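Below you'll find the structure, written out as structure tokens, and then a few comments.
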Amino acid sequence: MIWVEGHLVSPGSGGVYGEQMVRGFRVWDPRRSKLAALFHLGKGPDLEEADRVLYLGAANGTTVSHVADYSGVVYAVEHAPRPLQDLLVVAGQRKNIIPILADAGKPSLYLPMVELVDLIYQDVASPLQVEILIRNMLFLEPDGNLVLMLKPKSIDVTRSPCDVAGEAHDDLQEGGVYIDDEVWLTPYYPDHVAFLCRKS
Amino acid sequence: MESYWFGDREGQVCRPAPNDPAILAGRIELLAERRDASIPDWRIAVRCGFVRDRAEYVQVLREAAITLATKNLERGYQADHSGLIPMVRMLEQIDHAVNLLTERAVDWFRATRPGFSRKLAIPSGRNLIAWLHKDADEALAEVLEEIEHLMELRMALMKKVSLRAEGELPNCSALVGGLVAARLAAEAGGIRELAMMPASSIQVLGAKQALFSHLSSGSPPPKHGVIYQHGRVHGARKENRGKVARTLSAKLAIAARIDYYRKEADREFLEKSAEIIRKAGRKA
């Protein structure tokens, strides 16, 4: 990962969403991207130039654009039509983003397009977050990485985020996921936790 | 045989697909539907003679994916290209704004006149603004004028929503009027969504708070939501209202389906339904 003057940055042409630039690099703001927050906390798998990434919950393409700056190709899956309109603009400016309009819970819909990947990154607000990750594991290389940005509040607002995360931890393990690390994204994102995993 | 987005392979024989984004997008869709595609590998695409290298593989796939996503977006928006739903939402927002602004204007007026009380016989709604206007100082008068403009805008938009709903939802509109029909569709999330909804859901559309308080703490279930605005429901005797709402929503569920699939008024259905709804209101 590239750091300039204390900022996490990514190489690429700017002006995707009004991000700051330092010395020709795009600043990757930990307050606007959970993945940047994870890197700022000193965790997360380094993104390599040859990496193939499956990105679930691509939204408007903010984080996607930074991931694309670092990696080889990003398969960006988004379910909602309006954010996808933005994502298509971002994909138009970058040669390595494959935009996909589909429900991440139904991988069969995009299976014909997505190859085996080195990293699955998931950031979706759904009560079925854990289930969705498990269903998408068929795209992961045997030695690939999984990063799940869990929003406990999307699973159950009435219970404590800690309890919900604990349950998600067990469900992941049951689903064949080996958990390397569990990182709470405080102070950037209160009540969000990143699970860094592999196939067990 | 193994099917990939870039071609079919049978043993050592491989037939590449035509290298055209539109054709490839259609092929991806078909494969997803049939559920018999294999996870693609760029090396197979090269061996197949479809592309020269990985860079070309990504480039061709990207173009096909953008074509497919754009097509799917257009398809999604075509389902409701009339713009009825955003129109209704705007109308509701303007309603909300007018009410808030009016309340603030009364507060302002009251602050300058210690003798003023809402208990006095003051007019309501549109007349209230005119009444305040007579006595207001210059600054307040300017604000009141803008509120009046908003009210005019609201009336005009209401008529347009109603008219458009009569075109898009002819049967629902015949049963409950264009405005209520449009509100139901907006609350359901779209015309298609309304057509897919069971009658019992239509009955309580717009009564979210009451419904969830019923589900979570066991308060009495809501009898009606948006359809309360229909004369037959709020005009019915209190003990009868639930029944009218139930009957009306049952007919609305059918009407919404006719609207979605045929988009034309069905006389016979409408006459029969009107009769049944009328009866429901009559019996005690």
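To be explicit about the labels: the chains of the structure tokens are called A, B, and onward in the order shown, and within each one the residues are counted from 1, while ligands get numbers from 1 in the order they are shown.
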Near-region 97-105 of chain A list (7 Å; only C-alpha atoms; drop same-chain fewer than 3 positions) as number ranges by chain | A: 56, 68, 73-79, 88, 91, 94, 109, 132; B: 62, 65-66, 69
Skipping near chain neighbours, those fewer than 6 positions away, what residues fall within 10 Å of Gly83 (chain B) using only C-alpha atoms, listed as a list in words?
->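 Residues near the query, excluding close chain neighbours: Tyr77, Val161 and Arg164 of chain B.
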Can you write just those residues out, N, CA, C and O atoms, as a short mmCIF file (atom, residue, chain, number, x, y, z; two decimals), in the first residue's frame?
```cif
data_model
loop_
_atom_site.label_atom_id
_atom_site.label_comp_id
_atom_site.auth_asym_id
_atom_site.auth_seq_id
_atom_site.Cartn_x
_atom_site.Cartn_y
_atom_site.Cartn_z
N TYR B 77 -35.94 0.61 -15.55
CA TYR B 77 -36.63 1.90 -15.55
C TYR B 77 -37.85 1.90 -16.46
O TYR B 77 -38.80 2.63 -16.23
N VAL B 161 -50.93 14.27 -10.98
CA VAL B 161 -50.73 12.91 -10.47
C VAL B 161 -51.98 12.09 -10.72
O VAL B 161 -51.93 10.95 -11.21
N ARG B 164 -52.39 11.23 -14.40
CA ARG B 164 -51.43 10.23 -14.85
C ARG B 164 -51.78 8.86 -14.28
O ARG B 164 -51.64 7.83 -14.94
#
```
Non-local contacts of Val157 (chain A) (12 Å; only C-alpha atoms; under 6 positions in same chain excluded) as a PyMOL selection string | chain A and resi 126-127+151+163-164+191
Mind listing as an MDAnalysis selection string which residues of chain B are within 10 Å of chain A, counting only C-alpha atoms?
-> chainID B and resid 3:6 25 27:42 55 58:59 61:74 76:77
Among listed residues A:Val90, A:Met21, A:Val16, A:Leu148, nearest His169 (chain A) (using only C-alpha atoms) =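 Going through A:Val90, A:Met21, A:Val16, A:Leu148 one by one, the smallest distance to His169 (chain A) is for A:Leu148.
Every protein or nucleic acid residue with an atom no more than 12 Å from Arg15 (chain B), counting only C-alpha atoms and leaving out same-chain residues fewer than 6 positions away, appears here: Met1, Glu2, Ser3, Tyr4, Trp5, Phe6, Gly7, Asp8, Arg9, Ile44, Ala45, Val46, Arg47, Cys48, Gly49 and Phe50 of chain B.
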Extract, using only C-alpha atoms, all DNA, RNA and protein residues at most 8 Å from region 129-141 of chain B, discarding same-chain residues fewer than 6 positions from it, and format them as a PDB file with all heavy atoms, in the first residue's frame.
```pdb
ATOM      1  N   THR B 102     -46.584  26.367   7.423  1.00  0.00           N
ATOM      2  CA  THR B 102     -47.781  27.026   7.952  1.00  0.00           C
ATOM      3  C   THR B 102     -47.719  27.096   9.474  1.00  0.00           C
ATOM      4  O   THR B 102     -47.995  28.138  10.084  1.00  0.00           O
ATOM      5  CB  THR B 102     -49.041  26.249   7.512  1.00  0.00           C
ATOM      6  OG1 THR B 102     -49.025  26.121   6.111  1.00  0.00           O
ATOM      7  CG2 THR B 102     -50.299  26.962   7.952  1.00  0.00           C
ATOM      8  N   ALA B 105     -45.386  29.749  10.468  1.00  0.00           N
ATOM      9  CA  ALA B 105     -45.934  31.086  10.207  1.00  0.00           C
ATOM     10  C   ALA B 105     -46.902  31.483  11.313  1.00  0.00           C
ATOM     11  O   ALA B 105     -46.906  32.629  11.771  1.00  0.00           O
ATOM     12  CB  ALA B 105     -46.621  31.107   8.846  1.00  0.00           C
ATOM     13  N   VAL B 106     -47.702  30.524  11.773  1.00  0.00           N
ATOM     14  CA  VAL B 106     -48.638  30.814  12.862  1.00  0.00           C
ATOM     15  C   VAL B 106     -47.863  31.166  14.121  1.00  0.00           C
ATOM     16  O   VAL B 106     -48.201  32.119  14.836  1.00  0.00           O
ATOM     17  CB  VAL B 106     -49.578  29.606  13.104  1.00  0.00           C
ATOM     18  CG1 VAL B 106     -50.391  29.818  14.375  1.00  0.00           C
ATOM     19  CG2 VAL B 106     -50.481  29.400  11.918  1.00  0.00           C
ATOM     20  N   TRP B 108     -44.928  32.507  14.355  1.00  0.00           N
ATOM     21  CA  TRP B 108     -44.359  33.839  14.122  1.00  0.00           C
ATOM     22  C   TRP B 108     -45.439  34.900  14.376  1.00  0.00           C
ATOM     23  O   TRP B 108     -45.227  35.865  15.103  1.00  0.00           O
ATOM     24  CB  TRP B 108     -43.855  33.896  12.668  1.00  0.00           C
ATOM     25  CG  TRP B 108     -43.161  35.162  12.275  1.00  0.00           C
ATOM     26  CD1 TRP B 108     -43.158  36.341  12.957  1.00  0.00           C
ATOM     27  CD2 TRP B 108     -42.386  35.362  11.092  1.00  0.00           C
ATOM     28  NE1 TRP B 108     -42.422  37.279  12.286  1.00  0.00           N
ATOM     29  CE2 TRP B 108     -41.932  36.699  11.129  1.00  0.00           C
ATOM     30  CE3 TRP B 108     -42.028  34.567  10.027  1.00  0.00           C
ATOM     31  CZ2 TRP B 108     -41.158  37.244  10.106  1.00  0.00           C
ATOM     32  CZ3 TRP B 108     -41.260  35.115   9.029  1.00  0.00           C
ATOM     33  CH2 TRP B 108     -40.829  36.436   9.071  1.00  0.00           C
ATOM     34  N   PHE B 109     -46.604  34.669  13.793  1.00  0.00           N
ATOM     35  CA  PHE B 109     -47.714  35.600  13.936  1.00  0.00           C
ATOM     36  C   PHE B 109     -48.084  35.758  15.408  1.00  0.00           C
ATOM     37  O   PHE B 109     -48.263  36.863  15.924  1.00  0.00           O
ATOM     38  CB  PHE B 109     -48.915  35.067  13.134  1.00  0.00           C
ATOM     39  CG  PHE B 109     -50.055  36.039  13.023  1.00  0.00           C
ATOM     40  CD1 PHE B 109     -50.047  37.056  12.078  1.00  0.00           C
ATOM     41  CD2 PHE B 109     -51.159  35.920  13.867  1.00  0.00           C
ATOM     42  CE1 PHE B 109     -51.096  37.941  11.974  1.00  0.00           C
ATOM     43  CE2 PHE B 109     -52.206  36.806  13.763  1.00  0.00           C
ATOM     44  CZ  PHE B 109     -52.186  37.817  12.813  1.00  0.00           C
ATOM     45  N   ILE B 122     -60.538  30.994  14.053  1.00  0.00           N
ATOM     46  CA  ILE B 122     -59.727  31.346  12.891  1.00  0.00           C
ATOM     47  C   ILE B 122     -59.891  30.277  11.830  1.00  0.00           C
ATOM     48  O   ILE B 122     -60.116  29.114  12.158  1.00  0.00           O
ATOM     49  CB  ILE B 122     -58.233  31.539  13.246  1.00  0.00           C
ATOM     50  CG1 ILE B 122     -57.699  30.278  13.948  1.00  0.00           C
ATOM     51  CG2 ILE B 122     -58.021  32.762  14.085  1.00  0.00           C
ATOM     52  CD1 ILE B 122     -56.198  30.256  14.028  1.00  0.00           C
ATOM     53  N   PRO B 123     -59.799  30.650  10.579  1.00  0.00           N
ATOM     54  CA  PRO B 123     -60.010  29.676   9.516  1.00  0.00           C
ATOM     55  C   PRO B 123     -58.857  28.673   9.447  1.00  0.00           C
ATOM     56  O   PRO B 123     -57.826  28.864  10.089  1.00  0.00           O
ATOM     57  CB  PRO B 123     -60.065  30.524   8.248  1.00  0.00           C
ATOM     58  CG  PRO B 123     -59.498  31.837   8.601  1.00  0.00           C
ATOM     59  CD  PRO B 123     -59.481  31.989  10.072  1.00  0.00           C
ATOM     60  N   ILE B 147     -45.631  30.511   0.735  1.00  0.00           N
ATOM     61  CA  ILE B 147     -46.424  29.344   1.146  1.00  0.00           C
ATOM     62  C   ILE B 147     -47.632  29.198   0.227  1.00  0.00           C
ATOM     63  O   ILE B 147     -47.989  28.100  -0.200  1.00  0.00           O
ATOM     64  CB  ILE B 147     -46.868  29.461   2.624  1.00  0.00           C
ATOM     65  CG1 ILE B 147     -45.640  29.545   3.534  1.00  0.00           C
ATOM     66  CG2 ILE B 147     -47.741  28.274   3.019  1.00  0.00           C
ATOM     67  CD1 ILE B 147     -45.951  29.694   5.008  1.00  0.00           C
ATOM     68  N   GLU B 148     -48.243  30.331  -0.118  1.00  0.00           N
ATOM     69  CA  GLU B 148     -49.395  30.278  -1.026  1.00  0.00           C
ATOM     70  C   GLU B 148     -48.991  29.711  -2.388  1.00  0.00           C
ATOM     71  O   GLU B 148     -49.714  28.911  -2.975  1.00  0.00           O
ATOM     72  CB  GLU B 148     -50.025  31.663  -1.179  1.00  0.00           C
ATOM     73  CG  GLU B 148     -51.000  31.944  -0.058  1.00  0.00           C
ATOM     74  CD  GLU B 148     -51.546  33.362  -0.073  1.00  0.00           C
ATOM     75  OE1 GLU B 148     -50.816  34.284  -0.519  1.00  0.00           O
ATOM     76  OE2 GLU B 148     -52.683  33.543   0.372  1.00  0.00           O
TER      77      GLU B 148
END
```
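In this model, the gap between CA of Ser200 (chain B) and CA of Lys106 (chain A) comes to 28.8 Å.
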Who sits within 7 Å of Leu248 (chain B), only C-alpha atoms, same chain under 4 positions skipped, as a PyMOL selection string | chain B and resi 244+252+277
One decimal, Å: what's the distance from CA of Ala185 (chain B) over to CA of Leu100 (chain B), could you say?
-> 25.1 Å
Determine which residues of region 106-275 of chain B receive a DSSP assignment of helix (DSSP H, G or I), computed from the backbone, and state them as a ChimeraX atom specification.
-> /B:106-112,126-135,138-168,170-176,178-188,191-195,199-204,208-217,226-229,231-234,238-261,267-275
